[in-house]
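Here's the structure, in C-alpha cells; my notes come after.
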Amino acid sequence: MRSIRATRTLPLRRSVGAVLLVAALASACAEPSDGAGGAGGGGGSQGKPAPGQPREQAQGASGALNAYVEKVRKQRAARAVAAKKWGLDRPPLDAPAPPAVKPRITTRKGFETDGEGLPPVFTTVPTKEKVVFLTIDDGAEKDPELLRMMSELRIPYSAFLSDYLVKDDYGYFKKMQDAGVSLHNHTLNHRYMPGLSYEAQKREICGMQDTIEKRYGKRPPLFRPPYGNYNEDTLRAARSCGVKAVPLWAAEAFPDRMEWREWDRDLHPGDIVLTHFRGKGDWKGSMPDMIRRVMKTITAKGYAVARLEDYV
Ligand SMILES: [Zn+2]
C-alpha cells in the first residue's frame with residue numbers, strides 16, 4: 001500500500017515543479033502586458049514598485065531575475081544542442097544550486113579505523129537532492145575529446161590523479177583545470193597503501209600533494225587511495241599534508257556497464273560515481289563512449305551531476 005502511494009505522489013510533485021518552471025521561463029520571455037512598452041514604460045505588474053519601495057530597486061530585482069531566467073534558458077538550449085552533437089539521447093539534467101552550507105560528512109559505517117580526528121571516508125555525500133558526483137581516476141588516457149565533451153555539455157567532474165600516469169603530459173590536466181575541474185590526489189605511484197609503512201605512505205600521498213601544488217598551484221583537499229584500500233596510517237599520513245576528506249565511490253562506470261556497491265544496484269542522492277581515464281586499449285570504448293553510457297543511466301534515473309567541491 002505504502003509503495004503504491006509513493007509511486008502515485010512522485011509524478012504529481014514532479015509535474016507541479018515542471019509547470020512552475022515552464023511558467024517562470026514563459027514569464028521571462030513575455031512582453032510587457034499593459035502595452036505601454038518603451039524603455040521607461042515600466043512594464044506590467046512585475047516591474048511595478050511595491051508601496052514605499054524605490055522604483056529603480058524593484059525594477060533592478062525583476063530585471064536580475066529575468067536575466068537569470070534568460071541565462072538558464074540559453075544554457076539549457078545550448079546543452080540540448082551539445083547533447084545531440086555528442087550522441088546523448090537526452091540532455092543532462094540541471095543540478096540545483098549548491099548548498100549554502102556544506103553538509104557535515106562522517107565516515108561510512110564499517111569504513112572506520114581506530115584513529116580519531118581523521119579525514120572522513122565515504123561513498124555518498126549526505127544530501128536530499130537528486131544529484132550524483134562524477135569522479136575520474138588515474139590519468140593514463142588523455143583524450144582531448146573528453147575535455148570538449150564535458151565543457152560543451154557542462155558536466156562537472158573531479159579528477160584524482162596518480163603522478164606516474166600524468167607526468168608525461170601535465171599540460172592535459174592543466175587544460176582540464178582551466179575548464180573548471182578540480183584536481184585531487186591519487187598518490188604518486190598507485191601502490192596498495194596498507195602494504196606500505198607509514199613513512200612510505202606519507203611519501204606517496206604527501207609527495208603527490210606537493211606535485212599537484214607545484215604543477216597546478218593548489219594543494220588538493222581530497223585524496224582517494226588506490227583501489228579504495230587504506231588503513232589508519234593512510235588517513236594519518238593524508239591528514240598530515242592537508243587532506244580534508246577521502247571520497248570513495250558508490251558506483252563505477254564503464255563504457256558498457258555500471259558496477260554497483262549497494263545491493264539494490266541503483267543510484268541514491270549524493271552517490272559518488274567512479275570512472276577512469278582509459279581508452280579503447282583498456283576497455284570497450286573511448287572516454288566519450290563511457291560518458292554517454294554513464295550519463296544515460298544518471299539522466300534516465302532522474303539525477304543531475306553536481307560539483308563534488310560544492311558539497312565537500
Ligand atoms: Zn586508481
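Every chain in the C-alpha cells takes a letter, A first, then B, and so on in the order presented; its residues are numbered from 1, and the ligands are numbered from 1 following the presented order.
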Counting only C-alpha atoms and all ligand atoms, name the residues that have an atom within 7 Å of an atom of ligand 1; the answer should be given as a PyMOL selection string.
-> chain A and resi 137-138+186+190+226-227
Segment 160-164 of chain A environment, 7 Å, only C-alpha atoms, sequence neighbours closer than 4 positions dropped, as a list in words | Ile136, Asp137, Asp138, Gly139, Leu183, His184, Asn185, His186, Thr187, Leu188, Asn189, His190, Met208 and Arg224 of chain A
Would you save the residues of that selection, restricted to N, CA and C atoms, as an mmCIF file, in the first residue's frame?
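Output file again.cif follows:
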```
data_model
loop_
_atom_site.group_PDB
_atom_site.id
_atom_site.type_symbol
_atom_site.label_atom_id
_atom_site.label_comp_id
_atom_site.auth_asym_id
_atom_site.auth_seq_id
_atom_site.Cartn_x
_atom_site.Cartn_y
_atom_site.Cartn_z
ATOM 1 N N ILE A 136 36.881 10.942 -11.860
ATOM 2 C CA ILE A 136 37.653 10.171 -12.843
ATOM 3 C C ILE A 136 39.072 9.995 -12.311
ATOM 4 N N ASP A 137 39.546 8.746 -12.310
ATOM 5 C CA ASP A 137 40.792 8.402 -11.628
ATOM 6 C C ASP A 137 41.946 8.068 -12.567
ATOM 7 N N ASP A 138 43.134 8.147 -11.986
ATOM 8 C CA ASP A 138 44.424 7.699 -12.529
ATOM 9 C C ASP A 138 45.027 8.710 -13.511
ATOM 10 N N GLY A 139 44.684 8.630 -14.810
ATOM 11 C CA GLY A 139 45.209 9.636 -15.736
ATOM 12 C C GLY A 139 45.917 9.086 -16.951
ATOM 13 N N LEU A 183 41.556 19.199 -9.387
ATOM 14 C CA LEU A 183 42.477 18.068 -9.469
ATOM 15 C C LEU A 183 42.836 17.614 -8.060
ATOM 16 N N HIS A 184 42.664 16.330 -7.793
ATOM 17 C CA HIS A 184 42.892 15.799 -6.450
ATOM 18 C C HIS A 184 43.936 14.685 -6.454
ATOM 19 N N ASN A 185 44.200 14.165 -5.279
ATOM 20 C CA ASN A 185 45.347 13.290 -5.023
ATOM 21 C C ASN A 185 44.971 11.807 -5.100
ATOM 22 N N HIS A 186 45.729 11.066 -5.914
ATOM 23 C CA HIS A 186 45.536 9.608 -6.015
ATOM 24 C C HIS A 186 46.906 8.915 -5.922
ATOM 25 N N THR A 187 47.817 9.558 -5.199
ATOM 26 C CA THR A 187 49.198 9.099 -4.910
ATOM 27 C C THR A 187 50.162 9.244 -6.097
ATOM 28 N N LEU A 188 51.439 9.133 -5.782
ATOM 29 C CA LEU A 188 52.478 9.241 -6.811
ATOM 30 C C LEU A 188 52.502 8.018 -7.728
ATOM 31 N N ASN A 189 52.439 6.818 -7.130
ATOM 32 C CA ASN A 189 52.703 5.597 -7.905
ATOM 33 C C ASN A 189 51.624 4.520 -7.811
ATOM 34 N N HIS A 190 50.464 4.871 -7.256
ATOM 35 C CA HIS A 190 49.325 3.947 -7.251
ATOM 36 C C HIS A 190 49.640 2.611 -6.579
ATOM 37 N N MET A 208 52.494 13.543 -3.653
ATOM 38 C CA MET A 208 51.524 13.940 -4.683
ATOM 39 C C MET A 208 50.886 15.280 -4.342
ATOM 40 N N ARG A 224 42.061 10.080 -2.715
ATOM 41 C CA ARG A 224 41.421 8.758 -2.853
ATOM 42 C C ARG A 224 42.519 7.713 -2.917
#
```
Long-range neighbours of Arg292 of chain A as a list in words, 8 Å cut-off, only C-alpha atoms, 6 positions minimum in chain | Trp86, Gly87, Leu88 and Pro255 of chain A
Run DSSP on the backbone of this structure and report the residues of segment 121-200 of chain A it assigns to strand (DSSP E or B), as a PyMOL selection string.
-> chain A and resi 121-122+124+131-138+158-161+182-185
Please produce an output containing C-alpha atoms for each residue in the selection, written as a short mmCIF file (atom, residue, chain, number, x, y, z; two decimals), in the first residue's frame.
```cif
data_model
loop_
_atom_site.label_atom_id
_atom_site.label_comp_id
_atom_site.auth_asym_id
_atom_site.auth_seq_id
_atom_site.Cartn_x
_atom_site.Cartn_y
_atom_site.Cartn_z
CA VAL A 121 35.95 8.10 4.35
CA PHE A 122 32.63 7.99 2.50
CA THR A 124 27.88 9.04 -0.67
CA VAL A 131 22.44 14.71 -7.54
CA VAL A 132 25.41 12.42 -8.02
CA PHE A 133 29.10 13.25 -8.39
CA LEU A 134 31.36 12.11 -11.20
CA THR A 135 34.99 11.36 -10.38
CA ILE A 136 37.65 10.17 -12.84
CA ASP A 137 40.79 8.40 -11.63
CA ASP A 138 44.42 7.70 -12.53
CA SER A 158 36.65 15.84 -10.34
CA ALA A 159 39.94 14.19 -11.29
CA PHE A 160 42.02 12.03 -8.91
CA LEU A 161 45.50 11.87 -10.39
CA SER A 182 39.42 20.32 -9.54
CA LEU A 183 42.48 18.07 -9.47
CA HIS A 184 42.89 15.80 -6.45
CA ASN A 185 45.35 13.29 -5.02
#
```
Have a look at A:Gly285, A:Val294, A:Arg219, A:Ala238 and name the one nearest to Arg257 of chain A; count only C-alpha atoms.
->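 Of A:Gly285, A:Val294, A:Arg219, A:Ala238, the one nearest Arg257 of chain A, counting only C-alpha atoms, is A:Val294.
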Got a sec to tell me which of segment 201-307 of chain A DSSP assigns to helix (DSSP H, G or I), as a PyMOL selection string?
-> chain A and resi 201-216+226-228+232-240+287-300
Would you write out those residues with N, CA and C atoms, as a short mmCIF file (atom, residue, chain, number, x, y, z; two decimals), in the first residue's frame?
```cif
data_model
loop_
_atom_site.label_atom_id
_atom_site.label_comp_id
_atom_site.auth_asym_id
_atom_site.auth_seq_id
_atom_site.Cartn_x
_atom_site.Cartn_y
_atom_site.Cartn_z
N GLN A 201 53.85 5.48 2.92
CA GLN A 201 52.54 6.01 2.53
C GLN A 201 52.59 7.54 2.49
N LYS A 202 53.29 8.09 3.48
CA LYS A 202 53.39 9.55 3.55
C LYS A 202 54.10 10.09 2.30
N ARG A 203 55.16 9.38 1.87
CA ARG A 203 55.86 9.81 0.65
C ARG A 203 54.92 9.78 -0.55
N GLU A 204 54.13 8.70 -0.66
CA GLU A 204 53.20 8.55 -1.78
C GLU A 204 52.12 9.63 -1.79
N ILE A 205 51.57 9.90 -0.62
CA ILE A 205 50.43 10.83 -0.54
C ILE A 205 50.93 12.28 -0.52
N CYS A 206 51.85 12.56 0.39
CA CYS A 206 52.30 13.96 0.53
C CYS A 206 53.15 14.37 -0.67
N GLY A 207 53.87 13.41 -1.27
CA GLY A 207 54.62 13.71 -2.48
C GLY A 207 53.68 14.17 -3.59
N MET A 208 52.49 13.54 -3.65
CA MET A 208 51.52 13.94 -4.68
C MET A 208 50.89 15.28 -4.34
N GLN A 209 50.68 15.56 -3.05
CA GLN A 209 50.19 16.89 -2.67
C GLN A 209 51.17 17.95 -3.20
N ASP A 210 52.48 17.70 -2.97
CA ASP A 210 53.49 18.67 -3.40
C ASP A 210 53.52 18.81 -4.92
N THR A 211 53.42 17.67 -5.62
CA THR A 211 53.47 17.70 -7.08
C THR A 211 52.30 18.49 -7.65
N ILE A 212 51.10 18.23 -7.13
CA ILE A 212 49.92 18.95 -7.65
C ILE A 212 50.03 20.44 -7.33
N GLU A 213 50.53 20.76 -6.14
CA GLU A 213 50.69 22.18 -5.79
C GLU A 213 51.70 22.85 -6.74
N LYS A 214 52.81 22.14 -6.99
CA LYS A 214 53.87 22.70 -7.84
C LYS A 214 53.38 22.89 -9.28
N ARG A 215 52.68 21.88 -9.81
CA ARG A 215 52.26 21.92 -11.22
C ARG A 215 51.00 22.74 -11.45
N TYR A 216 50.10 22.71 -10.47
CA TYR A 216 48.78 23.31 -10.70
C TYR A 216 48.42 24.40 -9.70
N PRO A 226 44.46 4.34 -3.84
CA PRO A 226 44.33 3.38 -4.95
C PRO A 226 43.53 2.15 -4.51
N TYR A 227 42.66 1.69 -5.37
CA TYR A 227 41.79 0.52 -5.14
C TYR A 227 40.80 0.73 -3.99
N GLY A 228 40.80 1.92 -3.43
CA GLY A 228 39.93 2.17 -2.27
C GLY A 228 40.44 1.52 -0.99
N GLU A 232 44.71 2.96 9.02
CA GLU A 232 44.80 4.17 9.83
C GLU A 232 46.01 5.02 9.44
N ASP A 233 47.13 4.36 9.11
CA ASP A 233 48.33 5.10 8.69
C ASP A 233 48.05 5.95 7.45
N THR A 234 47.25 5.39 6.51
CA THR A 234 46.92 6.12 5.28
C THR A 234 46.25 7.44 5.64
N LEU A 235 45.25 7.36 6.53
CA LEU A 235 44.48 8.56 6.86
C LEU A 235 45.30 9.54 7.69
N ARG A 236 46.19 9.01 8.56
CA ARG A 236 47.07 9.89 9.33
C ARG A 236 48.05 10.61 8.40
N ALA A 237 48.62 9.86 7.45
CA ALA A 237 49.56 10.46 6.50
C ALA A 237 48.86 11.53 5.67
N ALA A 238 47.65 11.21 5.22
CA ALA A 238 46.89 12.16 4.39
C ALA A 238 46.59 13.43 5.19
N ARG A 239 46.17 13.25 6.42
CA ARG A 239 45.87 14.42 7.26
C ARG A 239 47.10 15.29 7.47
N SER A 240 48.26 14.65 7.58
CA SER A 240 49.48 15.39 7.89
C SER A 240 49.87 16.36 6.77
N MET A 287 36.65 7.44 -24.08
CA MET A 287 36.14 8.23 -22.95
C MET A 287 34.73 8.77 -23.26
N PRO A 288 34.51 9.37 -24.46
CA PRO A 288 33.14 9.81 -24.75
C PRO A 288 32.12 8.66 -24.71
N ASP A 289 32.51 7.45 -25.16
CA ASP A 289 31.59 6.30 -25.07
C ASP A 289 31.20 6.05 -23.62
N MET A 290 32.21 6.11 -22.75
CA MET A 290 31.95 5.86 -21.32
C MET A 290 31.01 6.94 -20.76
N ILE A 291 31.28 8.21 -21.11
CA ILE A 291 30.44 9.30 -20.61
C ILE A 291 28.99 9.14 -21.11
N ARG A 292 28.85 8.79 -22.40
CA ARG A 292 27.49 8.56 -22.93
C ARG A 292 26.77 7.49 -22.12
N ARG A 293 27.49 6.43 -21.79
CA ARG A 293 26.87 5.32 -21.08
C ARG A 293 26.46 5.73 -19.66
N VAL A 294 27.36 6.38 -18.96
CA VAL A 294 27.05 6.73 -17.55
C VAL A 294 25.98 7.83 -17.50
N MET A 295 26.03 8.78 -18.43
CA MET A 295 25.01 9.84 -18.43
C MET A 295 23.64 9.30 -18.78
N LYS A 296 23.58 8.28 -19.61
CA LYS A 296 22.30 7.65 -19.94
C LYS A 296 21.67 7.11 -18.65
N THR A 297 22.48 6.44 -17.85
CA THR A 297 21.98 5.89 -16.58
C THR A 297 21.57 7.01 -15.63
N ILE A 298 22.45 7.99 -15.47
CA ILE A 298 22.21 9.06 -14.49
C ILE A 298 20.95 9.86 -14.85
N THR A 299 20.84 10.26 -16.12
CA THR A 299 19.70 11.07 -16.55
C THR A 299 18.40 10.26 -16.53
N ALA A 300 18.47 9.01 -16.98
CA ALA A 300 17.25 8.18 -17.00
C ALA A 300 16.70 7.98 -15.59
#
```
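Put simply, atom CA of Leu146 of chain A is 27.7 Å away from atom CA of Pro99 of chain A.
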Measuring atom to atom with only C-alpha atoms, identify which of A:Ala179, A:Leu118, A:Leu222, A:Leu308 is nearest to Arg148 of chain A.
->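 Selected residue with least distance to Arg148 of chain A: A:Ala179.
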Within 7 Å of Pro156 of chain A, counting only C-alpha atoms, which residues qualify if same-chain residues fewer than 3 places away don't, as a list of chain:residue names?
->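 Near Pro156 of chain A, the qualifying residues are A:Val305, A:Ala306, A:Arg307.
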What does the file look like for those residues with C-alpha atoms, as a PDB file, in the first residue's frame?
```pdb
ATOM      1  CA  VAL A 305      25.609  15.669 -11.910  1.00  0.00           C
ATOM      2  CA  ALA A 306      26.757  18.255  -9.345  1.00  0.00           C
ATOM      3  CA  ARG A 307      30.213  19.557  -8.411  1.00  0.00           C
TER       4      ARG A 307
END
```
So, counting only C-alpha atoms, which residue among A:Lys109, A:Arg104, A:Lys84, A:Arg79 is closest to Arg154 of chain A?
-> A:Arg79
Write out as a short mmCIF file (atom, residue, chain, number, x, y, z; two decimals) with C-alpha atoms, in the first residue's frame which residues come within 10 Å of segment 81-83 of chain A when counting only C-alpha atoms, dropping same-chain ones fewer than 2 positions away.
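Writing done, so here's around.cif:
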```cif
data_model
loop_
_atom_site.label_atom_id
_atom_site.label_comp_id
_atom_site.auth_asym_id
_atom_site.auth_seq_id
_atom_site.Cartn_x
_atom_site.Cartn_y
_atom_site.Cartn_z
CA GLN A 75 22.25 27.37 -21.22
CA ARG A 76 19.57 24.71 -21.47
CA ALA A 77 19.17 25.26 -25.21
CA ALA A 78 22.95 25.06 -25.70
CA ARG A 79 23.07 21.88 -23.66
CA LYS A 85 26.18 16.56 -31.07
CA TRP A 86 27.75 14.15 -28.58
CA GLY A 87 25.17 11.41 -29.14
CA LEU A 88 23.33 11.58 -25.82
CA ASP A 89 19.71 10.59 -26.18
CA ARG A 90 18.70 13.17 -23.54
CA PRO A 91 20.47 16.34 -22.30
CA PRO A 92 21.92 16.14 -18.77
CA MET A 149 32.57 16.95 -24.48
CA MET A 150 32.41 17.78 -20.78
CA SER A 151 32.76 21.53 -21.37
CA GLU A 152 30.09 21.64 -24.06
CA LEU A 153 27.69 19.50 -22.03
CA ARG A 154 28.63 21.40 -18.85
CA ARG A 292 27.49 8.56 -22.93
#
```
Expressed in Å to a single decimal, how great is the separation between atom CA of Asp114 of chain A and atom CA of Trp249 of chain A?
->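 One can read the atom CA of Asp114 of chain A to atom CA of Trp249 of chain A distance as 21.5 Å.
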To one decimal in Å, tell me the separation between atom CA of Gly281 of chain A and atom CA of Asp256 of chain A.
->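 Result for atom CA of Gly281 of chain A versus atom CA of Asp256 of chain A: 14.3 Å, one decimal.
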